[in-house]
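Comments concern the structure below.
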Amino acid sequence: MSDQQLSGEVYYPSKEVIKHAHAKCDELYKFAEENLEGFWAKEAKELHWFKKWNKVLDDSEKPFYKWFTGGKTNIAYNCLDVHVETFRRNKLALIWEGENGEFRSFSYFSLRRESCKFANVLKSLGVQKGDRVTLYMGRIPELMIGMLACARIGAIHSVVYGGFSVESLHERLEDSQSKVLIVADGSYQRGKIVQLKKIADEALQRAATVESVLVVKRTGEPVNMEAGRDMWYHELMNLPIANNACNIEVMDAEDPLFILYTSGTTGKPKAILHTHGGYMVGVYSTLKYVFDIHEDDRYWCAADPGWITGHSYIVYGPLLNGATSFMYEGAPTHPYPNRWWQIIEKYGINILYTAPTAIRGLMRFGEAWPNRHDLSSLRILGSVGEPINPEAWRWYNRVIGKEKCPIMDTWWQTETGMFMITPLPCMPLKPGSGTKPFPGLQMDILDESGNPVKANEEGFLVIKTPWPAMIRTLYNDPERYVNQYWSKYPGYYLTGDSARRDEDGYYWIIGRVDDVIKVSGYRLGTAEIESALVSHSAVAEAAAIGLPHDVKGHAIYTYVILKAGFEKSEKLAEELRQHVGHEVGPIAKPESVEFVDSLPKTRSGKIMRRVLKAKALGQDPGNISTLED
Ligand code: WTA
């Protein structure tokens, strides 16, 4: 790999980086390619199993693949208990800084203690293996503690991003039939307080299954506590039931670990299901090789635990690797645009993993802000969530990485659970390309009829080999799982992205080809935004599209047909924007609301968003033969 002549703009990792790396490129790709199951079995053996698996991969009921069948384990045991038995007992597992400057840290010992105590609290509320527990808060340690407590007792966690609002939370509570909701009173964002408990109260009025609500005190602002339903986390954690010792639930490798809702092509958000065994092996191994986690590293993934990036690479991946993970609560620019650089200097962060939108956002403030800080501790950088434009890549490389930190541009999805197309620190990089599939994975780019496209041609990105952290099903909807991912090209997993592959075999992601919009790296569905709009009394019909935006990557534009008797006005447009913010969340607020008299539709009544997009961009809408009018 290293002696291949590559075309285009290429960056080679330094000798030091290559020497330091766990990943020896040639060996790793060769081994995994020749023996996929052997590769994953070797990785799995580095973790603890109460009982070893019988089979690495069971594809007898594909596309319902199973991994490590017959194996018994528990991801929380591997995240905490395993380390507490070693020299890592007193090593920091988590360092946390609040937006308001507060600071907390947890050793592996204390993180296990807190999660055991909380697991006992959950048990005392009747939570059992297989029950769903929803968590809704900002980036605070209790989120991690809550997730680990659920995993410990075999409950299925469903984390709802703290930037979502009433209807999004309600929908997820209802669909998952959650018994317990863990919520923070509020969270700090850009110096302001988001009143999460208040949002939850409104969502709970619409949701019937929740029996208990546990409230974490973060801001101390007054909140409504409903007698018989709401309890303070800190009070429960001080009761004798919150015992330090909590037996681990021995889980089958294929037992569910969590569900995470994400936006799909049509309709309601869908619950992606991940398991204890395969997911654990996948995230452990990918983080180890890609970010080259070493014992003395301080690793910072700046995503939110409410999204898959946080699940896999703030919570589970780092803990499985016995690493020290750093978590920051607030906005990168609060109170000034040097907050992140200050954090890197203060804590000596070695690895920074973030999204292109954050890089572009910080780039706007100029180099002087990062240049005021000592960033020399950094060794590896990462990017995720959307394609990184070469300009932002170069800035990240030069200004933040000082041209010595390789940038791991990792392509993956909520469904994949782990990195799929990603560099390893031993390989040459091209700005804007995630390079190649992780060792052992086979992917391809196909045309409409399923033939591989030629080099540099655009097509549908598919995955041809199963992988351990893969989605197992859509919770409560196995049929939709098969239809959505495995039916366009039978036998292949459909990613929903379009991509091209250059003459060196490097992949370049172009973007979503379905109705998913990536706004600042967050995944939203046009359907969610549209249904929020039509839930307003003035709206008859609505359409949402994503259009390119300098910082956010994409921004949401909406078109609305009003009901008879309502007048178009600036005021109403603003009211509708606020309404979407209130129902879905501030990230979903449209950039603009345009009133129209009709929407382009197919004869079967489907809105042709492609036509709206082309019109907005002043482009040719292409084939419109199916257009009704
Ligand atoms: C996009 C986030 C280009 C892609 C982990 C994918 C990316 C969707 C990259 C999944 C990347 C993610 N380069 N595009 N490095 N990473 N994407 O489920 O469109 O929130 O399908 O998972 O994000 O978004 P999700």
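Letters for chains follow the order of the structure tokens (A, B, ...), residue numbers begin at 1 for each chain, and ligand numbers begin at 1 in the order shown.
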**Item:** In segment 436-621 of chain A, DSSP alpha helix (DSSP H) residues written as a ChimeraX atom specification
**Value:** /A:478-486,526-534,570-583,609-616
Write a file of the selected residues as a PDB file, in the first residue's frame, keeping C-alpha atoms.
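Output file out-v4.pdb follows:
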```pdb
ATOM      1  CA  PRO A 478     -38.273  -6.265  10.724  1.00  0.00           C
ATOM      2  CA  GLU A 479     -40.134  -5.941   7.439  1.00  0.00           C
ATOM      3  CA  ARG A 480     -39.101  -2.357   7.000  1.00  0.00           C
ATOM      4  CA  TYR A 481     -35.519  -3.401   7.815  1.00  0.00           C
ATOM      5  CA  VAL A 482     -35.497  -5.804   4.876  1.00  0.00           C
ATOM      6  CA  ASN A 483     -37.250  -3.383   2.516  1.00  0.00           C
ATOM      7  CA  GLN A 484     -35.200  -0.377   3.348  1.00  0.00           C
ATOM      8  CA  TYR A 485     -31.718  -1.845   3.326  1.00  0.00           C
ATOM      9  CA  TRP A 486     -31.694  -5.160   1.483  1.00  0.00           C
ATOM     10  CA  THR A 526     -37.867  15.638   5.323  1.00  0.00           C
ATOM     11  CA  ALA A 527     -40.895  13.706   6.623  1.00  0.00           C
ATOM     12  CA  GLU A 528     -40.339  14.848  10.223  1.00  0.00           C
ATOM     13  CA  ILE A 529     -40.105  18.487   9.229  1.00  0.00           C
ATOM     14  CA  GLU A 530     -43.099  18.242   6.936  1.00  0.00           C
ATOM     15  CA  SER A 531     -45.260  16.513   9.510  1.00  0.00           C
ATOM     16  CA  ALA A 532     -44.344  19.171  12.071  1.00  0.00           C
ATOM     17  CA  LEU A 533     -45.423  21.843   9.597  1.00  0.00           C
ATOM     18  CA  VAL A 534     -48.760  20.230   8.805  1.00  0.00           C
ATOM     19  CA  GLU A 570     -43.754  37.283   7.379  1.00  0.00           C
ATOM     20  CA  LYS A 571     -45.233  36.804  10.814  1.00  0.00           C
ATOM     21  CA  LEU A 572     -46.834  33.503   9.918  1.00  0.00           C
ATOM     22  CA  ALA A 573     -43.615  32.274   8.268  1.00  0.00           C
ATOM     23  CA  GLU A 574     -41.728  33.019  11.484  1.00  0.00           C
ATOM     24  CA  GLU A 575     -44.441  31.345  13.542  1.00  0.00           C
ATOM     25  CA  LEU A 576     -44.091  28.203  11.422  1.00  0.00           C
ATOM     26  CA  ARG A 577     -40.316  28.178  11.842  1.00  0.00           C
ATOM     27  CA  GLN A 578     -40.762  28.415  15.615  1.00  0.00           C
ATOM     28  CA  HIS A 579     -43.387  25.705  15.494  1.00  0.00           C
ATOM     29  CA  VAL A 580     -40.967  23.264  13.820  1.00  0.00           C
ATOM     30  CA  GLY A 581     -38.365  24.195  16.439  1.00  0.00           C
ATOM     31  CA  HIS A 582     -40.832  23.475  19.207  1.00  0.00           C
ATOM     32  CA  GLU A 583     -41.993  20.144  17.779  1.00  0.00           C
ATOM     33  CA  ARG A 609     -38.372  17.194  -3.867  1.00  0.00           C
ATOM     34  CA  ARG A 610     -35.785  16.797  -6.603  1.00  0.00           C
ATOM     35  CA  VAL A 611     -37.765  19.270  -8.730  1.00  0.00           C
ATOM     36  CA  LEU A 612     -38.025  21.783  -5.880  1.00  0.00           C
ATOM     37  CA  LYS A 613     -34.307  21.494  -5.299  1.00  0.00           C
ATOM     38  CA  ALA A 614     -33.404  21.996  -8.923  1.00  0.00           C
ATOM     39  CA  LYS A 615     -35.660  25.027  -9.116  1.00  0.00           C
ATOM     40  CA  ALA A 616     -34.164  26.574  -5.981  1.00  0.00           C
TER      41      ALA A 616
END
```
Tell me which protein, DNA and RNA residues are within 7 Å of Lys563 of chain A, counting only C-alpha atoms, leaving out same-chain ones fewer than 5 positions away, and put them as a PDB file with N, CA and C atoms, in the first residue's frame.
```pdb
ATOM      1  N   ALA A 538     -52.554  26.247  10.392  1.00  0.00           N
ATOM      2  CA  ALA A 538     -52.656  27.039   9.168  1.00  0.00           C
ATOM      3  C   ALA A 538     -52.202  26.282   7.923  1.00  0.00           C
ATOM      4  N   VAL A 539     -51.564  25.098   8.132  1.00  0.00           N
ATOM      5  CA  VAL A 539     -50.874  24.460   7.007  1.00  0.00           C
ATOM      6  C   VAL A 539     -51.667  23.298   6.410  1.00  0.00           C
ATOM      7  N   ALA A 540     -51.830  23.335   5.084  1.00  0.00           N
ATOM      8  CA  ALA A 540     -52.503  22.237   4.400  1.00  0.00           C
ATOM      9  C   ALA A 540     -51.485  21.193   3.931  1.00  0.00           C
TER      10      ALA A 540
END
```
Quick one: residues within 8 Å of Lys198 of chain A, only C-alpha atoms, excluding same-chain residues fewer than 5 positions away - as an mmCIF file with C-alpha atoms, in the first residue's frame?
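To be explicit, this is the file written out as part29.cif:
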```
data_model
loop_
_atom_site.group_PDB
_atom_site.id
_atom_site.type_symbol
_atom_site.label_atom_id
_atom_site.label_comp_id
_atom_site.auth_asym_id
_atom_site.auth_seq_id
_atom_site.Cartn_x
_atom_site.Cartn_y
_atom_site.Cartn_z
ATOM 1 C CA ASP A 185 -33.673 19.618 34.533
ATOM 2 C CA VAL A 223 -38.839 22.467 37.619
ATOM 3 C CA ASN A 224 -42.236 20.895 38.038
#
```
**Prompt:** Which residue, A:Pro240, A:Gly459, A:Pro332, A:Gly434, has the smallest gap to ligand 1 when you use only C-alpha atoms and all ligand atoms?
**Reply:**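 Looking at the shortest contact to ligand 1, the residue is A:Gly434.
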Close residues, segment 495-498 of chain A itself excluded, 7 Å, only C-alpha atoms, min 5 positions apart in chain, as a compact mmCIF listing (two decimals) with N, CA, C and O atoms, in the first residue's frame:
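Heads up, here's the output in part_26.txt:
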```txt
# COMPACT_ATOMS: atom_id res chain seq x y z
N GLU A 458 -20.28 8.32 -10.55
CA GLU A 458 -21.12 8.33 -9.36
C GLU A 458 -22.12 7.18 -9.38
O GLU A 458 -22.62 6.81 -10.43
N GLY A 459 -22.42 6.62 -8.20
CA GLY A 459 -23.42 5.56 -8.12
C GLY A 459 -23.85 5.35 -6.68
O GLY A 459 -23.48 6.12 -5.78
N PHE A 460 -24.63 4.28 -6.47
CA PHE A 460 -25.13 3.98 -5.12
C PHE A 460 -24.09 3.18 -4.34
O PHE A 460 -23.62 2.15 -4.81
N LEU A 461 -23.80 3.65 -3.15
CA LEU A 461 -22.81 2.97 -2.31
C LEU A 461 -23.46 1.79 -1.60
O LEU A 461 -24.49 1.96 -0.92
N VAL A 462 -22.89 0.60 -1.74
CA VAL A 462 -23.42 -0.59 -1.06
C VAL A 462 -22.32 -1.31 -0.29
O VAL A 462 -21.13 -1.14 -0.58
N ILE A 509 -17.38 10.28 -0.89
CA ILE A 509 -18.82 10.31 -0.63
C ILE A 509 -19.39 11.60 -1.21
O ILE A 509 -18.83 12.68 -0.99
N ILE A 510 -20.50 11.48 -1.91
CA ILE A 510 -21.12 12.68 -2.47
C ILE A 510 -22.25 13.17 -1.56
O ILE A 510 -22.32 14.33 -1.23
N GLY A 511 -23.09 12.29 -1.12
CA GLY A 511 -24.14 12.69 -0.17
C GLY A 511 -25.31 11.75 -0.23
O GLY A 511 -25.28 10.73 -0.92
N ARG A 512 -26.37 12.09 0.48
CA ARG A 512 -27.54 11.23 0.55
C ARG A 512 -28.30 11.27 -0.77
O ARG A 512 -28.41 12.32 -1.40
N VAL A 513 -28.85 10.13 -1.14
CA VAL A 513 -29.69 10.11 -2.33
C VAL A 513 -31.15 9.94 -1.95
O VAL A 513 -32.01 9.80 -2.80
N ASP A 514 -31.43 9.92 -0.66
CA ASP A 514 -32.82 9.77 -0.22
C ASP A 514 -33.31 11.05 0.43
O ASP A 514 -32.75 12.11 0.21
```
For ligand 1, list the contacting residues at 6 Å or closer, counting only C-alpha atoms and all ligand atoms, as a PDB file with N, CA and C atoms, in the first residue's frame.
```pdb
ATOM      1  N   THR A 309     -22.447   8.605  16.926  1.00  0.00           N
ATOM      2  CA  THR A 309     -21.025   8.887  17.119  1.00  0.00           C
ATOM      3  C   THR A 309     -20.680   8.886  18.602  1.00  0.00           C
ATOM      4  N   VAL A 384     -16.202  13.390  10.875  1.00  0.00           N
ATOM      5  CA  VAL A 384     -17.353  12.502  10.655  1.00  0.00           C
ATOM      6  C   VAL A 384     -18.628  13.292  10.411  1.00  0.00           C
ATOM      7  N   GLY A 385     -19.557  12.681   9.724  1.00  0.00           N
ATOM      8  CA  GLY A 385     -20.917  13.221   9.655  1.00  0.00           C
ATOM      9  C   GLY A 385     -21.342  13.680   8.290  1.00  0.00           C
ATOM     10  N   GLU A 386     -20.411  14.119   7.485  1.00  0.00           N
ATOM     11  CA  GLU A 386     -20.714  14.621   6.143  1.00  0.00           C
ATOM     12  C   GLU A 386     -19.374  14.735   5.419  1.00  0.00           C
ATOM     13  N   PRO A 387     -19.416  14.890   4.121  1.00  0.00           N
ATOM     14  CA  PRO A 387     -18.148  15.027   3.406  1.00  0.00           C
ATOM     15  C   PRO A 387     -17.405  16.272   3.897  1.00  0.00           C
ATOM     16  N   ASP A 409     -10.845  10.612   8.250  1.00  0.00           N
ATOM     17  CA  ASP A 409     -12.182  10.991   7.767  1.00  0.00           C
ATOM     18  C   ASP A 409     -13.002   9.704   7.706  1.00  0.00           C
ATOM     19  N   THR A 410     -13.832   9.514   8.731  1.00  0.00           N
ATOM     20  CA  THR A 410     -14.517   8.233   8.905  1.00  0.00           C
ATOM     21  C   THR A 410     -15.937   8.300   8.364  1.00  0.00           C
ATOM     22  N   TRP A 411     -16.238   7.458   7.412  1.00  0.00           N
ATOM     23  CA  TRP A 411     -17.611   7.364   6.900  1.00  0.00           C
ATOM     24  C   TRP A 411     -18.302   6.178   7.553  1.00  0.00           C
ATOM     25  N   TRP A 412     -19.445   6.451   8.136  1.00  0.00           N
ATOM     26  CA  TRP A 412     -20.253   5.367   8.714  1.00  0.00           C
ATOM     27  C   TRP A 412     -21.626   5.898   9.016  1.00  0.00           C
ATOM     28  N   GLN A 413     -22.476   5.088   9.636  1.00  0.00           N
ATOM     29  CA  GLN A 413     -23.880   5.453   9.867  1.00  0.00           C
ATOM     30  C   GLN A 413     -24.371   4.881  11.187  1.00  0.00           C
ATOM     31  N   THR A 414     -25.512   5.401  11.637  1.00  0.00           N
ATOM     32  CA  THR A 414     -26.162   4.841  12.824  1.00  0.00           C
ATOM     33  C   THR A 414     -26.313   3.328  12.631  1.00  0.00           C
ATOM     34  N   ASP A 497     -26.371   6.464   0.384  1.00  0.00           N
ATOM     35  CA  ASP A 497     -25.436   7.503  -0.049  1.00  0.00           C
ATOM     36  C   ASP A 497     -25.023   7.265  -1.497  1.00  0.00           C
ATOM     37  N   ILE A 509     -17.381  10.277  -0.888  1.00  0.00           N
ATOM     38  CA  ILE A 509     -18.824  10.311  -0.626  1.00  0.00           C
ATOM     39  C   ILE A 509     -19.393  11.600  -1.207  1.00  0.00           C
ATOM     40  N   GLY A 511     -23.093  12.286  -1.115  1.00  0.00           N
ATOM     41  CA  GLY A 511     -24.139  12.691  -0.172  1.00  0.00           C
ATOM     42  C   GLY A 511     -25.311  11.747  -0.232  1.00  0.00           C
ATOM     43  N   ARG A 512     -26.366  12.091   0.477  1.00  0.00           N
ATOM     44  CA  ARG A 512     -27.538  11.232   0.550  1.00  0.00           C
ATOM     45  C   ARG A 512     -28.302  11.271  -0.768  1.00  0.00           C
ATOM     46  N   TYR A 522     -26.077  16.664  11.660  1.00  0.00           N
ATOM     47  CA  TYR A 522     -27.200  15.958  12.275  1.00  0.00           C
ATOM     48  C   TYR A 522     -28.122  15.422  11.196  1.00  0.00           C
ATOM     49  N   ARG A 523     -28.634  14.250  11.450  1.00  0.00           N
ATOM     50  CA  ARG A 523     -29.440  13.577  10.439  1.00  0.00           C
ATOM     51  C   ARG A 523     -30.917  13.847  10.685  1.00  0.00           C
TER      52      ARG A 523
END
```
**Request:** May I have the residues within 9 Å of segment 295-308 of chain A as a ChimeraX atom specification, using only C-alpha atoms and disregarding those fewer than 5 positions away in the same chain?
**Result:** /A:135-139,143-144,158-163,260-262,313-315,318,321-329,344,347-355,382,413-415,417-418,522
**Item:** Minimum-distance residue to Ile471 of chain A, chosen among A:Leu273, A:Ala151, A:Leu424, A:Ile359 (using only C-alpha atoms)
**Value:** A:Leu273
**Prompt:** In Å to one decimal, how far is atom CA of Glu403 of chain A from atom CA of Ala499 of chain A?
**Reply:**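 Between atom CA of Ala499 of chain A and atom CA of Glu403 of chain A the gap works out to 27.4 Å.
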**Message:** as a PyMOL selection string, please: every residue in segment 184-322 of chain A that a backbone DSSP assignment puts in strand (DSSP E).
**Reply:** chain A and resi 184+187-189+192-194+212-216+230-232+251-252+256-262+270-275+298-301
**Request:** Return the single residue from A:Ile293, A:Met231, A:Leu57, A:Met251 that is closest to Phe39 of chain A, with distances computed using only C-alpha atoms.
**Result:**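 Smallest separation from Phe39 of chain A among the options: A:Leu57.
Nearest to Asp58 of chain A of all the residues A:Glu202, A:Glu167, A:Glu102, A:Glu37 is A:Glu37, counting only C-alpha atoms.
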**Item:** Near-Val516 of chain A list (7 Å; only C-alpha atoms; drop same-chain fewer than 6 positions) as a list of chain:residue names
**Value:** A:Ser263, A:Gly264, A:Thr265, A:Arg523, A:Leu524, A:Gly525, A:Thr526
Got time to write the residues from that selection, C-alpha atoms, as a PDB file, in the first residue's frame?
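That gives us out_36.pdb:
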```
ATOM      1  CA  SER A 263     -34.311   9.537  10.211  1.00  0.00           C
ATOM      2  CA  GLY A 264     -35.026   7.428   7.216  1.00  0.00           C
ATOM      3  CA  THR A 265     -36.364   7.748   3.752  1.00  0.00           C
ATOM      4  CA  ARG A 523     -29.440  13.577  10.439  1.00  0.00           C
ATOM      5  CA  LEU A 524     -33.007  14.749   9.828  1.00  0.00           C
ATOM      6  CA  GLY A 525     -35.786  13.469   7.608  1.00  0.00           C
ATOM      7  CA  THR A 526     -37.867  15.638   5.323  1.00  0.00           C
TER       8      THR A 526
END
```
How close does segment 381-449 of chain A get to segment 501-504 of chain A? List, as CSV, each residue of segment 381-449 of chain A within 12 Å, its nearest atom pair and the distance in Å to one decimal, counting only C-alpha atoms.
```
residue,atom,partner,partner_atom,distance
A:Ile421,CA,A:Arg501,CA,11.7
A:Pro428,CA,A:Asp504,CA,11.1
A:Leu429,CA,A:Asp504,CA,11.4
A:Lys430,CA,A:Asp504,CA,10.7
A:Ser433,CA,A:Arg501,CA,9.3
A:Gly434,CA,A:Arg501,CA,10.5
A:Thr435,CA,A:Arg501,CA,9.2
A:Lys436,CA,A:Arg501,CA,9.3
A:Pro437,CA,A:Arg501,CA,11.3
A:Met443,CA,A:Arg501,CA,10.5
A:Asp444,CA,A:Arg501,CA,8.7
A:Ile445,CA,A:Arg501,CA,7.6
A:Leu446,CA,A:Arg501,CA,10.8
```
Expected file: the selected residues, all heavy atoms, as a tab-separated table (two decimals), in the first residue's frame:
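Dumped everything to again.tsv:
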```
chain	number	residue	atom	x	y	z
A	421	ILE	N	-15.88	3.19	6.02
A	421	ILE	CA	-14.82	3.65	5.11
A	421	ILE	C	-13.98	4.59	5.95
A	421	ILE	O	-14.49	5.58	6.48
A	421	ILE	CB	-15.40	4.41	3.91
A	421	ILE	CG1	-16.28	3.48	3.08
A	421	ILE	CG2	-14.28	4.99	3.04
A	421	ILE	CD1	-16.98	4.19	1.92
A	428	PRO	N	-1.71	6.75	3.23
A	428	PRO	CA	-1.73	8.07	2.60
A	428	PRO	C	-3.15	8.61	2.50
A	428	PRO	O	-4.09	7.85	2.26
A	428	PRO	CB	-1.18	7.81	1.19
A	428	PRO	CG	-0.64	6.43	1.19
A	428	PRO	CD	-1.27	5.68	2.30
A	429	LEU	N	-3.29	9.91	2.69
A	429	LEU	CA	-4.61	10.54	2.73
A	429	LEU	C	-4.80	11.46	1.54
A	429	LEU	O	-3.85	12.03	1.02
A	429	LEU	CB	-4.75	11.36	4.01
A	429	LEU	CG	-4.50	10.62	5.32
A	429	LEU	CD1	-4.46	11.61	6.49
A	429	LEU	CD2	-5.57	9.56	5.54
A	430	LYS	N	-6.07	11.60	1.15
A	430	LYS	CA	-6.43	12.61	0.14
A	430	LYS	C	-7.55	13.46	0.74
A	430	LYS	O	-8.56	12.89	1.18
A	430	LYS	CB	-6.96	11.94	-1.13
A	430	LYS	CG	-5.98	10.98	-1.80
A	430	LYS	CD	-6.56	10.55	-3.16
A	430	LYS	CE	-5.70	9.47	-3.79
A	430	LYS	NZ	-6.10	9.19	-5.19
A	433	SER	N	-11.51	12.56	0.97
A	433	SER	CA	-11.80	11.14	0.77
A	433	SER	C	-11.61	10.38	2.08
A	433	SER	O	-10.63	10.60	2.78
A	433	SER	CB	-10.87	10.55	-0.28
A	433	SER	OG	-10.94	9.13	-0.24
A	434	GLY	N	-12.53	9.49	2.37
A	434	GLY	CA	-12.39	8.64	3.56
A	434	GLY	C	-11.48	7.45	3.28
A	434	GLY	O	-11.42	6.52	4.07
A	435	THR	N	-10.81	7.48	2.19
A	435	THR	CA	-9.90	6.43	1.69
A	435	THR	C	-10.65	5.13	1.39
A	435	THR	O	-11.46	5.11	0.50
A	435	THR	CB	-8.66	6.19	2.58
A	435	THR	OG1	-9.01	5.50	3.76
A	435	THR	CG2	-7.95	7.49	2.91
A	436	LYS	N	-10.40	4.07	2.21
A	436	LYS	CA	-10.90	2.73	1.80
A	436	LYS	C	-11.70	2.06	2.90
A	436	LYS	O	-11.61	2.44	4.06
A	436	LYS	CB	-9.69	1.86	1.49
A	436	LYS	CG	-8.88	2.43	0.35
A	436	LYS	CD	-7.78	1.49	-0.07
A	436	LYS	CE	-7.14	2.07	-1.32
A	436	LYS	NZ	-6.15	1.18	-1.91
A	437	PRO	N	-12.45	1.02	2.53
A	437	PRO	CA	-13.19	0.28	3.56
A	437	PRO	C	-12.24	-0.29	4.62
A	437	PRO	O	-11.11	-0.67	4.31
A	437	PRO	CB	-13.86	-0.84	2.77
A	437	PRO	CG	-13.98	-0.31	1.39
A	437	PRO	CD	-12.75	0.53	1.17
A	443	MET	N	-17.00	-3.18	-0.29
A	443	MET	CA	-18.06	-2.25	-0.66
A	443	MET	C	-17.99	-2.05	-2.16
A	443	MET	O	-17.00	-2.41	-2.79
A	443	MET	CB	-17.87	-0.94	0.11
A	443	MET	CG	-17.85	-1.20	1.60
A	443	MET	SD	-17.76	0.22	2.68
A	443	MET	CE	-19.19	1.13	2.26
A	444	ASP	N	-19.04	-1.46	-2.69
A	444	ASP	CA	-19.02	-1.21	-4.12
A	444	ASP	C	-19.92	-0.02	-4.45
A	444	ASP	O	-20.66	0.46	-3.59
A	444	ASP	CB	-19.51	-2.46	-4.88
A	444	ASP	CG	-18.84	-2.58	-6.25
A	444	ASP	OD1	-18.31	-1.55	-6.76
A	444	ASP	OD2	-18.82	-3.69	-6.81
A	445	ILE	N	-19.82	0.43	-5.68
A	445	ILE	CA	-20.65	1.54	-6.15
A	445	ILE	C	-21.37	1.05	-7.40
A	445	ILE	O	-20.73	0.64	-8.36
A	445	ILE	CB	-19.79	2.78	-6.43
A	445	ILE	CG1	-19.07	3.19	-5.13
A	445	ILE	CG2	-20.64	3.92	-6.96
A	445	ILE	CD1	-18.03	4.25	-5.30
A	446	LEU	N	-22.71	1.07	-7.33
A	446	LEU	CA	-23.50	0.44	-8.39
A	446	LEU	C	-24.38	1.45	-9.12
A	446	LEU	O	-24.77	2.48	-8.55
A	446	LEU	CB	-24.42	-0.63	-7.78
A	446	LEU	CG	-23.75	-1.70	-6.93
A	446	LEU	CD1	-24.80	-2.67	-6.39
A	446	LEU	CD2	-22.68	-2.46	-7.69
```
